[in-house]
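Colleague: My structure is stored as final_31.cif, with mmCIF, C-alpha atoms.
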```cif
data_run
loop_
_atom_site.label_atom_id
_atom_site.label_comp_id
_atom_site.auth_asym_id
_atom_site.auth_seq_id
_atom_site.Cartn_x
_atom_site.Cartn_y
_atom_site.Cartn_z
CA MET A 1 2.64 -0.42 -15.85
CA THR A 2 0.14 2.15 -14.75
CA GLU A 3 0.32 4.15 -11.58
CA ARG A 4 -1.80 2.85 -8.74
CA GLN A 5 -4.04 5.69 -7.60
CA PRO A 6 -4.09 6.48 -3.86
CA LYS A 7 -7.23 5.50 -2.04
CA VAL A 8 -9.85 8.23 -2.00
CA TYR A 9 -11.12 9.33 1.38
CA ASP A 10 -14.80 8.48 1.58
CA PRO A 11 -16.50 10.26 4.51
CA TYR A 12 -19.47 7.91 4.35
CA VAL A 13 -17.27 4.83 4.74
CA TYR A 14 -14.91 6.19 7.38
CA HIS A 15 -17.61 7.85 9.48
CA LYS A 16 -19.79 4.78 9.66
CA PRO A 17 -19.87 3.14 13.10
CA HIS A 18 -17.18 0.49 13.27
CA GLY A 19 -19.72 -2.01 14.53
CA ILE A 20 -21.44 -2.15 11.12
CA ARG A 21 -18.44 -1.65 8.85
CA TRP A 22 -17.48 -4.42 6.43
CA LYS A 23 -14.86 -2.66 4.32
CA GLY A 24 -11.46 -2.95 5.94
CA SER A 25 -12.56 -5.79 8.21
CA VAL A 26 -10.98 -9.25 8.27
CA LEU A 27 -14.39 -10.89 8.66
CA PRO A 28 -14.66 -11.86 4.97
CA LYS A 29 -11.40 -13.79 5.30
CA ALA A 30 -12.38 -15.35 8.63
CA LEU A 31 -15.83 -16.39 7.43
CA PRO A 32 -14.86 -19.59 5.49
CA SER A 33 -12.96 -21.05 8.46
CA THR A 34 -15.76 -20.03 10.79
CA LEU A 35 -18.36 -21.76 8.60
CA VAL A 36 -16.35 -25.00 8.67
CA VAL A 37 -16.27 -24.99 12.48
CA THR A 38 -19.95 -24.01 12.61
CA ILE A 39 -20.87 -26.96 10.39
CA VAL A 40 -19.03 -29.23 12.82
CA ALA A 41 -20.97 -27.60 15.67
CA ILE A 42 -24.28 -28.23 13.83
CA ILE A 43 -23.42 -31.89 13.29
CA VAL A 44 -22.38 -32.41 16.91
CA THR A 45 -25.49 -30.64 18.22
CA VAL A 46 -27.94 -32.50 15.97
CA LEU A 47 -26.39 -35.85 16.83
CA TYR A 48 -26.58 -35.04 20.53
CA GLU A 49 -30.21 -33.89 20.37
CA LYS A 50 -31.68 -36.32 17.83
CA THR A 51 -29.72 -39.52 18.34
CA ASP A 52 -28.13 -41.56 21.06
CA VAL A 53 -24.65 -40.43 19.98
CA LYS A 54 -23.48 -38.12 22.75
CA LEU A 55 -20.30 -36.44 21.49
CA SER A 56 -19.53 -34.34 24.52
CA ILE A 57 -16.55 -33.84 26.77
CA ASP A 58 -16.06 -32.09 30.07
CA SER A 59 -16.00 -28.27 29.79
CA THR A 60 -12.88 -27.90 31.97
CA PHE A 61 -10.86 -28.00 28.76
CA ILE A 62 -12.16 -24.53 27.75
CA PRO A 63 -10.44 -22.39 30.43
CA ILE A 64 -7.18 -24.34 30.18
CA LEU A 65 -6.79 -24.10 26.40
CA GLY A 66 -8.47 -20.68 26.29
CA PHE A 67 -5.76 -19.21 28.51
CA VAL A 68 -3.05 -20.54 26.18
CA VAL A 69 -4.85 -19.27 23.06
CA GLY A 70 -5.26 -15.84 24.65
CA LEU A 71 -1.54 -15.55 25.41
CA LEU A 72 -0.55 -16.67 21.92
CA LEU A 73 -2.98 -14.30 20.19
CA THR A 74 -1.90 -11.38 22.37
CA TYR A 75 1.76 -11.90 21.55
CA ARG A 76 1.00 -12.41 17.85
CA THR A 77 -1.10 -9.27 17.56
CA ASN A 78 1.31 -7.09 19.56
CA THR A 79 4.31 -8.26 17.53
CA ALA A 80 2.52 -7.67 14.22
CA TYR A 81 1.32 -4.23 15.30
CA ASP A 82 4.85 -3.29 16.39
CA ARG A 83 6.04 -4.06 12.87
CA TYR A 84 3.15 -2.05 11.40
CA TRP A 85 3.83 0.96 13.63
CA GLU A 86 7.58 0.73 13.05
CA GLY A 87 6.94 0.90 9.30
CA ARG A 88 4.77 3.98 9.75
CA ARG A 89 7.33 5.64 12.02
CA LEU A 90 10.15 5.00 9.57
CA TRP A 91 8.11 6.43 6.70
CA SER A 92 7.60 9.60 8.75
CA VAL A 93 11.35 9.79 9.33
CA LEU A 94 11.89 9.37 5.59
CA ILE A 95 9.47 12.21 4.83
CA VAL A 96 11.31 14.46 7.31
CA ALA A 97 14.63 13.72 5.61
CA ILE A 98 13.20 14.39 2.14
CA ARG A 99 11.60 17.65 3.27
CA ASN A 100 14.82 18.86 4.91
CA LEU A 101 16.96 17.94 1.94
CA THR A 102 14.52 19.62 -0.45
CA ARG A 103 14.48 22.78 1.64
CA ILE A 104 18.27 22.99 1.79
CA ILE A 105 18.71 22.30 -1.91
CA TRP A 106 16.09 24.83 -2.99
CA ILE A 107 17.05 27.60 -0.53
CA ASN A 108 20.64 27.18 0.67
CA VAL A 109 22.37 26.09 -2.53
CA LYS A 110 23.50 29.22 -4.36
CA GLU A 111 22.27 30.06 -7.84
CA ASP A 112 24.17 31.86 -10.59
CA GLU A 113 22.53 33.80 -13.36
CA GLY A 114 20.71 31.62 -15.85
CA THR A 115 18.75 28.39 -15.63
CA LYS A 116 21.59 25.89 -15.12
CA ASP A 117 21.50 25.80 -11.31
CA ILE A 118 17.70 25.80 -11.17
CA LEU A 119 17.54 22.83 -13.55
CA GLU A 120 20.10 20.98 -11.44
CA LYS A 121 18.11 21.68 -8.29
CA LYS A 122 14.84 20.55 -9.84
CA THR A 123 16.44 17.37 -11.17
CA ALA A 124 17.93 16.55 -7.75
CA ILE A 125 14.56 17.14 -6.07
CA ASN A 126 12.93 14.89 -8.69
CA LEU A 127 15.36 12.19 -7.59
CA LEU A 128 14.23 12.71 -3.99
CA MET A 129 10.67 12.12 -5.09
CA GLY A 130 11.90 9.16 -7.15
CA PHE A 131 13.56 7.72 -4.04
CA ALA A 132 10.23 7.69 -2.17
CA VAL A 133 8.32 6.12 -5.08
CA ALA A 134 11.11 3.62 -5.81
CA THR A 135 11.15 2.64 -2.14
CA LYS A 136 7.41 1.98 -2.31
CA HIS A 137 7.79 -0.35 -5.30
CA TYR A 138 10.91 -1.94 -3.82
CA LEU A 139 9.09 -2.84 -0.61
CA ARG A 140 6.30 -4.39 -2.68
CA GLU A 141 8.88 -6.37 -4.69
CA GLU A 142 7.71 -4.82 -7.94
CA GLU A 143 10.56 -5.19 -10.39
CA GLY A 144 11.81 -2.66 -12.90
CA SER A 145 11.12 1.04 -13.21
CA ASN A 146 8.43 1.11 -15.87
CA TYR A 147 5.76 2.70 -13.68
CA ASP A 148 3.87 5.86 -14.50
CA ASP A 149 4.62 7.41 -11.12
CA LEU A 150 8.34 6.61 -11.27
CA LYS A 151 9.76 6.47 -14.75
CA HIS A 152 9.65 10.21 -15.52
CA LEU A 153 11.46 10.97 -12.25
CA ILE A 154 14.50 8.74 -12.82
CA SER A 155 14.65 8.18 -16.59
CA ASN A 156 17.80 10.36 -16.77
CA ILE A 157 20.01 8.25 -14.49
CA LYS A 158 22.29 5.54 -15.84
CA SER A 159 24.68 3.25 -14.02
CA ASP A 160 27.19 0.55 -14.91
CA LEU A 161 28.08 -0.26 -11.32
CA PRO A 162 28.38 -3.97 -10.42
CA GLY A 163 25.05 -5.35 -9.30
CA PHE A 164 23.04 -2.48 -10.78
CA ALA A 165 21.48 -3.40 -14.10
CA PRO A 166 20.73 -0.33 -16.24
CA ILE A 167 17.12 0.73 -15.95
CA GLU A 168 16.47 0.62 -19.67
CA ASP A 169 17.73 -2.99 -19.72
CA GLN A 170 15.21 -3.89 -17.03
CA ASP A 171 12.33 -2.50 -19.06
CA LEU A 172 13.66 -4.23 -22.18
CA THR A 173 13.83 -7.52 -20.30
CA GLU A 174 10.24 -7.11 -19.15
CA ASN A 175 9.07 -6.62 -22.74
CA ILE A 176 11.06 -9.61 -23.98
CA ILE A 177 9.54 -11.86 -21.32
CA ARG A 178 6.04 -10.77 -22.25
CA GLU A 179 6.63 -11.34 -25.96
CA ASN A 180 8.42 -14.65 -25.64
CA SER A 181 5.89 -17.44 -26.08
CA LYS A 182 7.77 -20.05 -24.05
CA LEU A 183 8.33 -17.80 -21.11
CA GLY A 184 4.82 -16.45 -21.52
CA ARG A 185 3.49 -19.97 -21.07
CA GLN A 186 5.44 -20.28 -17.82
CA LEU A 187 4.12 -16.94 -16.63
CA SER A 188 0.55 -17.96 -17.40
CA LEU A 189 0.98 -21.00 -15.15
CA ARG A 190 2.33 -18.83 -12.36
CA MET A 191 -0.77 -16.62 -12.52
CA PHE A 192 -2.73 -19.33 -10.76
CA LYS A 193 -0.26 -19.48 -7.87
CA PRO A 194 -0.59 -16.90 -5.12
CA LYS A 195 2.41 -14.63 -4.74
CA ILE A 196 4.40 -15.48 -1.63
CA LYS A 197 5.10 -12.44 0.49
CA PRO A 198 8.65 -11.96 1.80
CA HIS A 199 7.64 -12.72 5.39
CA GLN A 200 5.90 -15.94 4.29
CA ARG A 201 8.85 -17.58 2.54
CA ARG A 202 10.45 -20.65 3.98
CA LYS A 203 13.98 -20.45 5.26
CA GLY A 204 16.42 -21.23 2.48
CA THR A 205 14.12 -20.01 -0.28
CA PRO A 206 16.21 -17.78 -2.57
CA ILE A 207 15.18 -14.13 -2.51
CA PRO A 208 14.24 -12.97 -6.03
CA VAL A 209 16.67 -10.55 -7.63
CA ASN A 210 15.33 -7.10 -6.94
CA HIS A 211 17.14 -4.11 -8.36
CA ASN A 212 17.84 -1.86 -5.37
CA LEU A 213 16.83 1.27 -7.22
CA PRO A 214 16.43 3.48 -4.10
CA LEU A 215 20.03 2.81 -3.11
CA GLU A 216 21.23 3.66 -6.60
CA ILE A 217 19.32 6.95 -6.52
CA THR A 218 21.23 7.95 -3.38
CA LEU A 219 24.47 7.66 -5.35
CA TYR A 220 23.33 10.39 -7.71
CA LEU A 221 22.10 12.55 -4.86
CA SER A 222 25.42 12.16 -3.09
CA SER A 223 27.20 13.12 -6.30
CA TYR A 224 25.06 16.26 -6.55
CA ILE A 225 25.85 17.28 -2.98
CA ASP A 226 29.56 16.72 -3.55
CA SER A 227 29.55 18.79 -6.73
CA ARG A 228 27.80 21.69 -4.97
CA ALA A 229 30.40 21.59 -2.21
CA GLN A 230 33.28 21.42 -4.70
CA GLN A 231 31.94 24.44 -6.61
CA LYS A 232 31.46 26.40 -3.33
CA LYS A 233 27.72 26.73 -3.96
CA ALA A 234 26.88 25.09 -0.65
CA ASP A 235 28.59 26.05 2.61
CA VAL A 236 29.89 23.47 5.06
CA PRO A 237 26.87 23.45 7.43
CA SER A 238 24.46 23.04 4.50
CA THR A 239 26.60 20.27 3.01
CA ASN A 240 26.74 18.43 6.32
CA SER A 241 22.96 18.77 6.74
CA MET A 242 22.36 17.39 3.24
CA TYR A 243 24.62 14.41 3.88
CA ALA A 244 22.89 13.80 7.23
CA ALA A 245 19.47 13.79 5.53
CA LEU A 246 20.75 11.45 2.83
CA ASN A 247 22.19 9.09 5.45
CA THR A 248 18.79 9.10 7.18
CA MET A 249 17.12 8.09 3.92
CA VAL A 250 19.50 5.13 3.50
CA ASP A 251 18.99 4.18 7.14
CA CYS A 252 15.21 4.16 6.65
CA LEU A 253 15.57 2.00 3.54
CA THR A 254 17.68 -0.52 5.45
CA GLN A 255 15.22 -0.67 8.33
CA PHE A 256 12.34 -1.11 5.88
CA GLU A 257 14.20 -4.17 4.58
CA ARG A 258 14.54 -5.47 8.14
CA ILE A 259 10.76 -5.37 8.56
CA LEU A 260 10.18 -6.84 5.10
CA ARG A 261 12.56 -9.78 5.37
CA SER A 262 12.49 -10.63 9.09
CA PRO A 263 9.27 -12.56 9.62
CA ILE A 264 7.83 -13.82 12.86
CA PRO A 265 9.23 -17.38 13.28
CA VAL A 266 7.21 -19.76 11.15
CA ALA A 267 7.00 -22.35 13.94
CA TYR A 268 5.20 -19.81 16.11
CA SER A 269 2.72 -18.93 13.37
CA ILE A 270 1.99 -22.59 12.63
CA HIS A 271 1.56 -23.48 16.29
CA LEU A 272 -0.77 -20.53 16.86
CA LYS A 273 -2.92 -21.45 13.85
CA GLN A 274 -3.15 -25.09 14.94
CA THR A 275 -3.97 -24.15 18.54
CA VAL A 276 -6.78 -21.82 17.46
CA TRP A 277 -8.24 -24.55 15.24
CA ILE A 278 -8.06 -27.14 18.04
CA TYR A 279 -9.73 -24.76 20.45
CA CYS A 280 -12.52 -23.81 18.04
CA LEU A 281 -13.20 -27.41 17.00
CA SER A 282 -13.35 -28.53 20.64
CA LEU A 283 -15.93 -25.92 21.62
CA PRO A 284 -19.09 -27.72 20.36
CA PHE A 285 -18.10 -30.92 22.16
CA GLN A 286 -17.75 -29.02 25.44
CA LEU A 287 -20.79 -26.73 25.17
CA VAL A 288 -23.47 -29.00 23.71
CA LYS A 289 -24.25 -30.76 27.00
CA ASN A 290 -25.28 -27.53 28.76
CA LEU A 291 -26.26 -25.18 25.92
CA HIS A 292 -27.87 -27.61 23.45
CA TYR A 293 -28.90 -25.72 20.27
CA ILE A 294 -27.48 -22.45 21.57
CA THR A 295 -24.10 -24.09 21.05
CA ILE A 296 -24.25 -23.29 17.32
CA PRO A 297 -24.39 -19.47 17.50
CA ILE A 298 -21.97 -19.41 20.46
CA VAL A 299 -19.41 -21.44 18.49
CA PHE A 300 -19.93 -19.23 15.43
CA LEU A 301 -19.27 -16.02 17.38
CA ALA A 302 -16.30 -17.39 19.32
CA CYS A 303 -14.70 -18.78 16.19
CA ILE A 304 -15.08 -15.67 14.05
CA ILE A 305 -13.58 -13.55 16.85
CA LEU A 306 -10.54 -15.78 17.37
CA MET A 307 -9.96 -16.39 13.67
CA GLY A 308 -10.31 -12.65 13.02
CA ILE A 309 -7.69 -11.73 15.63
CA GLU A 310 -5.26 -14.23 14.16
CA LEU A 311 -5.88 -12.90 10.63
CA ILE A 312 -5.33 -9.30 11.76
CA GLY A 313 -1.83 -10.24 12.91
CA THR A 314 -1.14 -11.98 9.61
CA GLU A 315 -2.38 -9.02 7.56
CA ILE A 316 -0.44 -6.24 9.30
CA GLU A 317 2.76 -8.24 9.76
CA ASN A 318 3.95 -6.96 6.39
CA PRO A 319 2.52 -3.41 6.19
CA PHE A 320 3.83 -2.51 2.72
CA GLY A 321 1.46 -4.39 0.44
CA TYR A 322 -2.00 -3.80 -0.99
CA ASP A 323 -4.12 -5.22 1.83
CA GLU A 324 -6.89 -2.99 3.10
CA ASN A 325 -5.12 -2.40 6.41
CA ASP A 326 -1.62 -1.92 5.01
CA LEU A 327 0.10 1.45 5.09
CA GLU A 328 -1.14 3.98 2.53
CA LEU A 329 2.17 4.21 0.68
CA ASP A 330 0.48 5.53 -2.47
CA ALA A 331 -1.13 8.36 -0.50
CA PHE A 332 2.15 9.11 1.30
CA CYS A 333 4.00 9.41 -2.01
CA PHE A 334 1.23 11.58 -3.44
CA LEU A 335 1.56 13.92 -0.44
CA ILE A 336 5.34 14.20 -0.92
CA LYS A 337 4.91 14.89 -4.64
CA ARG A 338 2.39 17.64 -4.01
CA GLU A 339 4.68 19.31 -1.46
CA LEU A 340 7.79 19.13 -3.63
CA ASP A 341 5.92 20.43 -6.67
CA THR A 342 4.63 23.35 -4.60
CA ILE A 343 8.10 24.20 -3.33
CA THR A 344 9.77 24.06 -6.73
CA SER A 345 6.98 26.02 -8.45
CA ASN A 346 8.02 29.16 -6.58
CA PRO A 347 11.42 30.89 -6.50
CA ARG A 348 13.37 30.94 -3.28
CA PRO A 349 11.94 33.66 -0.99
CA ILE A 350 13.93 36.91 -0.84
CA VAL A 351 13.97 38.52 2.59
CA GLU A 352 13.32 42.02 1.26
CA SER A 353 10.16 40.85 -0.50
CA TRP A 354 8.36 39.65 2.62
CA VAL A 355 9.86 41.91 5.31
CA TYR A 356 9.77 45.37 3.77
CA ASN A 357 6.24 45.47 2.37
CA GLN A 358 2.87 46.98 3.24
CA GLU A 359 1.39 43.69 4.49
CA ASN A 360 4.02 43.16 7.20
CA HIS A 361 3.22 44.67 10.61
CA PRO A 362 6.24 43.73 12.74
CA PHE A 363 5.07 45.52 15.89
CA GLY A 364 1.41 44.53 15.71
CA ASP A 365 0.22 48.11 15.11
CA ASP A 366 -0.35 50.28 12.08
CA VAL A 367 3.37 50.58 11.31
CA THR A 368 4.16 48.53 8.19
CA GLY A 369 7.44 46.98 7.19
CA THR A 370 8.00 49.73 4.65
CA ASP A 371 7.46 52.45 7.28
CA ALA A 372 9.53 50.65 9.90
CA ARG A 373 12.52 50.78 7.59
CA LYS A 374 12.67 54.56 8.14
CA LEU A 375 12.62 54.35 11.95
CA SER A 376 15.71 54.88 14.07
CA ILE A 377 17.09 52.14 16.29
CA ASP A 378 15.69 53.87 19.39
CA ASP A 379 12.23 54.03 17.85
CA VAL A 380 12.40 50.35 16.97
CA ARG A 381 13.41 49.40 20.51
CA SER A 382 10.63 51.58 21.90
CA LYS A 383 8.14 49.84 19.63
CA LEU A 384 9.38 46.43 20.76
CA SER A 385 9.16 47.40 24.43
CA SER A 386 5.65 48.76 23.98
CA SER A 387 4.56 45.60 22.17
CA SER A 388 5.95 43.43 24.98
CA ASN A 389 4.16 45.48 27.67
CA ASN A 390 0.89 45.29 25.79
CA ASP A 391 1.17 41.50 25.56
CA THR A 392 1.87 41.29 29.32
CA ASN A 393 -1.10 43.46 30.20
CA ARG A 394 -3.36 41.49 27.88
CA SER A 395 -2.29 38.21 29.50
CA SER A 396 -2.93 39.60 33.00
CA LEU A 397 -6.38 40.77 31.94
CA ASP A 398 -7.23 37.36 30.50
CA ILE A 399 -6.17 35.65 33.75
CA SER A 400 -8.24 37.99 35.87
CA VAL A 401 -11.29 37.46 33.67
CA GLN A 402 -10.93 33.68 33.97
CA GLN A 403 -10.68 33.95 37.74
#
```
Take the structure in this file and express it as structure tokens.
Modeller:
Amino acid sequence: MTERQPKVYDPYVYHKPHGIRWKGSVLPKALPSTLVVTIVAIIVTVLYEKTDVKLSIDSTFIPILGFVVGLLLTYRTNTAYDRYWEGRRLWSVLIVAIRNLTRIIWINVKEDEGTKDILEKKTAINLLMGFAVATKHYLREEEGSNYDDLKHLISNIKSDLPGFAPIEDQDLTENIIRENSKLGRQLSLRMFKPKIKPHQRRKGTPIPVNHNLPLEITLYLSSYIDSRAQQKKADVPSTNSMYAALNTMVDCLTQFERILRSPIPVAYSIHLKQTVWIYCLSLPFQLVKNLHYITIPIVFLACIILMGIELIGTEIENPFGYDENDLELDAFCFLIKRELDTITSNPRPIVESWVYNQENHPFGDDVTGTDARKLSIDDVRSKLSSSSNNDTNRSSLDISVQQ
């Protein structure tokens, strides 16, 4: 399986006025349903204008049903957007935990002479990156670990724990399924069936077995933290902070699952869809008496708006997939990878290297860090006092100029 590349930012696309944008819109999906209703409107209008068949009803039905449709669509859209925003918020919390844990591992965990501790740190940080990527695939219900963006990060871990199939066995199973002609025939039939998203499954439908790889990765990270504490290479505050960050990662994973597997009640979705269709199909019968041929474009516009709002709620209800408006999980993982690679490509900063050098001007004047090292404590305090007074005078001058 190849790595899915993050979407490239296109200034031309994203700076176009939203009123003329097609990419990212739900209009292509709403158009077929809208055309069906518009065809009905054309038939009703032509019959009313060209024949004696007057298929019209009183227009009082529009405000009554329109009020109900508006309430249903508002609740549907708000609920779906809450799920979308909750997914984005949780991913931000996950990034914070990964950044904090990376920082503590790379800086606070002590290193002995040699490469052993550095290799252990780098491997643990690779697992942090692997947790983010594995979570992305887990939320998309993509089985196994044979992905270009994941396999090299976690290929070293092995587990015989109950419920956790070894990773190499998963990849082997995938290859066997592809090569087996009987199973291959079954898979070819399934290709013509759309994949059912987790939030679209009926109650009672068995959830497919999905190796919880992110949870397994946390076991190895917890083992690393424990070993550093046992060997006295991480002090108690650092150890507690690492465990807190790891607990946050597991908490985010669990809440991701809550969003993934807790759909909006199916009865509500069905009733909303049926109500929107009834409302749209009733419009030409109510408008044709007063609007005549103008009924056709009015019905088209009203239908595409209502159908589009309903489709927006459906699309963002599960924000972890590949829809145009889903969360950019690939880009988020790419950002984390770039940051972790940057951190681990440099040794941990040594205080002496960035404090006592010619580029550091601690007092804001010509005195460098190297020169300041030779000053007495009284000189240092005098410099600090002078710097504070200068800042106060500068602020007073700025205020007077503004006045």
Colleague: If we count all atoms listed in the file, what is near segment 268-270 of chain A at a cut-off of 12 Å, once residues fewer than 3 positions away on the same chain are taken out, given as a list of chain:residue names?
Modeller: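 My list of contacting residues is A:Leu72, A:Leu73, A:Tyr75, A:Arg76, A:Thr77, A:Thr79, A:Ala80, A:His199, A:Gln200, A:Pro263, A:Ile264, A:Pro265, A:Lys273, A:Gln274, A:Thr275, A:Val276, A:Trp277, A:Glu310, A:Leu311, A:Gly313, A:Thr314, A:Glu317.
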Colleague: My list of candidates is A:Cys280, A:Asn357, A:Tyr293, A:Pro347. Which is closest to Lys50 of chain A when distances are computed with all atoms listed in the file?
Modeller: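 That would be A:Tyr293, the residue with the smallest distance to Lys50 of chain A.
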Colleague: Between atom CA of Cys333 of chain A and atom CA of Ser155 of chain A, what is the spacing in Å?
Modeller: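 Separation of atom CA of Ser155 of chain A and atom CA of Cys333 of chain A: 18.1 Å.
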Colleague: Provide the atom CA of Val367 of chain A to atom CA of Arg348 of chain A distance in Å, to one decimal place.
Modeller: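 It comes out at 26.4 Å.
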Colleague: Under the rule that only C-alpha atoms are counted, which of A:Leu47, A:Lys233, A:Leu327, A:Ala134 is the nearest residue to Asn146 of chain A?
Modeller: A:Ala134
Colleague: Enumerate, as a ChimeraX atom specification, the protein, DNA and RNA residues whose atoms approach (17.1, 11.5, 2.6) to within 6 Å, taking into account only C-alpha atoms and the coordinate frame of the file.
Modeller: /A:97-98,245-246,248-249
Colleague: Check what the PyMOL selection byres ((chain A and resi 244) around 12) selects in the file above and give those residues as a VMD selection string.
Modeller: chain A and resid 94 96 to 98 100 to 101 104 222 225 237 to 243 245 to 251
Colleague: Looking at all atoms listed in the file, which of A:Leu287, A:Leu221, A:Ile278, A:Leu55 is the one that sits closest to Lys121 of chain A?
Modeller: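 So, comparing all the options, the nearest one is A:Leu221.
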Colleague: Which value, in Å to one decimal, gives the distance between atom CA of Glu216 of chain A and atom CA of Phe256 of chain A?
Modeller: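 Computed distance, atom CA of Glu216 of chain A to atom CA of Phe256 of chain A, equals 16.0 Å.
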Colleague: Taking the file above as input, evaluate the PyMOL selection byres ((chain A and resi 108) around 9) and report the hits as a count of residues only.
Modeller: 11
Colleague: With a distance cut-off of 8 Å and all atoms listed in the file, select the neighbouring residues of segment 302-304 of chain A, excluding the residue or stretch itself and same-chain residues fewer than 3 positions from it, and output the selection as a CSV table (one decimal) with C-alpha atoms, keeping the file's coordinate frame.
Modeller:
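The resulting selection.csv:
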```
chain,number,residue,atom,x,y,z
A,27,LEU,CA,-14.4,-10.9,8.7
A,30,ALA,CA,-12.4,-15.4,8.6
A,31,LEU,CA,-15.8,-16.4,7.4
A,34,THR,CA,-15.8,-20.0,10.8
A,37,VAL,CA,-16.3,-25.0,12.5
A,280,CYS,CA,-12.5,-23.8,18.0
A,298,ILE,CA,-22.0,-19.4,20.5
A,299,VAL,CA,-19.4,-21.4,18.5
A,307,MET,CA,-10.0,-16.4,13.7
A,308,GLY,CA,-10.3,-12.6,13.0
```
Colleague: So, counting all atoms listed in the file, which residue among A:Lys337, A:Leu291, A:Cys252, A:Glu113 is closest to Leu153 of chain A?
Modeller: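 Nearest candidate to Leu153 of chain A out of A:Lys337, A:Leu291, A:Cys252, A:Glu113: A:Lys337.
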Colleague: Which of these residues is nearest to Val36 of chain A, using all atoms listed in the file: A:Phe67, A:Asp148, A:Ile296, A:Arg140?
Modeller: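 Comparing A:Phe67, A:Asp148, A:Ile296, A:Arg140 against Val36 of chain A, the winner is A:Ile296.
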Colleague: For the structure provided, state which residues fall under the PyMOL selection byres ((chain A and resi 132) around 12), and present them as an MDAnalysis selection string.
Modeller: chainID A and resid 91:99 125:131 133:139 149:150 153:154 213:215 217:218 249:250 252:253 329:337 340
Colleague: Which is closer to Ile62 of chain A than all the others in A:Leu283, A:Pro32, A:Val236, A:Ser382, using all atoms listed in the file?
Modeller: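 Using all atoms listed in the file, Ile62 of chain A sits closest to A:Leu283.
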Colleague: Can I get a file of segment 37-49 of chain A from the given structure, N, CA and C atoms kept, as a JSON list (two decimals), in the first residue's frame?
Modeller:
```json
[["chain", "number", "residue", "atom", "x", "y", "z"],
["A", 37, "VAL", "N", -36.19, 16.48, -9.00],
["A", 37, "VAL", "CA", -37.27, 17.36, -8.56],
["A", 37, "VAL", "C", -37.59, 18.40, -9.63],
["A", 38, "THR", "N", -36.55, 18.90, -10.32],
["A", 38, "THR", "CA", -36.77, 19.90, -11.36],
["A", 38, "THR", "C", -37.56, 19.31, -12.53],
["A", 39, "ILE", "N", -37.29, 18.06, -12.86],
["A", 39, "ILE", "CA", -38.07, 17.40, -13.92],
["A", 39, "ILE", "C", -39.54, 17.32, -13.54],
["A", 40, "VAL", "N", -39.79, 16.99, -12.26],
["A", 40, "VAL", "CA", -41.18, 16.97, -11.77],
["A", 40, "VAL", "C", -41.80, 18.35, -11.90],
["A", 41, "ALA", "N", -41.00, 19.40, -11.55],
["A", 41, "ALA", "CA", -41.51, 20.77, -11.66],
["A", 41, "ALA", "C", -41.83, 21.12, -13.11],
["A", 42, "ILE", "N", -40.99, 20.67, -14.05],
["A", 42, "ILE", "CA", -41.24, 20.95, -15.48],
["A", 42, "ILE", "C", -42.54, 20.28, -15.92],
["A", 43, "ILE", "N", -42.73, 19.03, -15.52],
["A", 43, "ILE", "CA", -43.94, 18.30, -15.91],
["A", 43, "ILE", "C", -45.19, 18.98, -15.36],
["A", 44, "VAL", "N", -45.12, 19.34, -14.07],
["A", 44, "VAL", "CA", -46.29, 19.98, -13.44],
["A", 44, "VAL", "C", -46.58, 21.32, -14.12],
["A", 45, "THR", "N", -45.55, 22.09, -14.41],
["A", 45, "THR", "CA", -45.74, 23.42, -15.01],
["A", 45, "THR", "C", -46.29, 23.31, -16.43],
["A", 46, "VAL", "N", -45.75, 22.41, -17.23],
["A", 46, "VAL", "CA", -46.22, 22.25, -18.61],
["A", 46, "VAL", "C", -47.67, 21.77, -18.64],
["A", 47, "LEU", "N", -47.99, 20.83, -17.77],
["A", 47, "LEU", "CA", -49.37, 20.36, -17.71],
["A", 47, "LEU", "C", -50.33, 21.48, -17.32],
["A", 48, "TYR", "N", -49.88, 22.31, -16.38],
["A", 48, "TYR", "CA", -50.74, 23.40, -15.91],
["A", 48, "TYR", "C", -50.93, 24.46, -17.00],
["A", 49, "GLU", "N", -49.88, 24.72, -17.77],
["A", 49, "GLU", "CA", -49.94, 25.79, -18.77],
["A", 49, "GLU", "C", -50.51, 25.34, -20.11]]
```
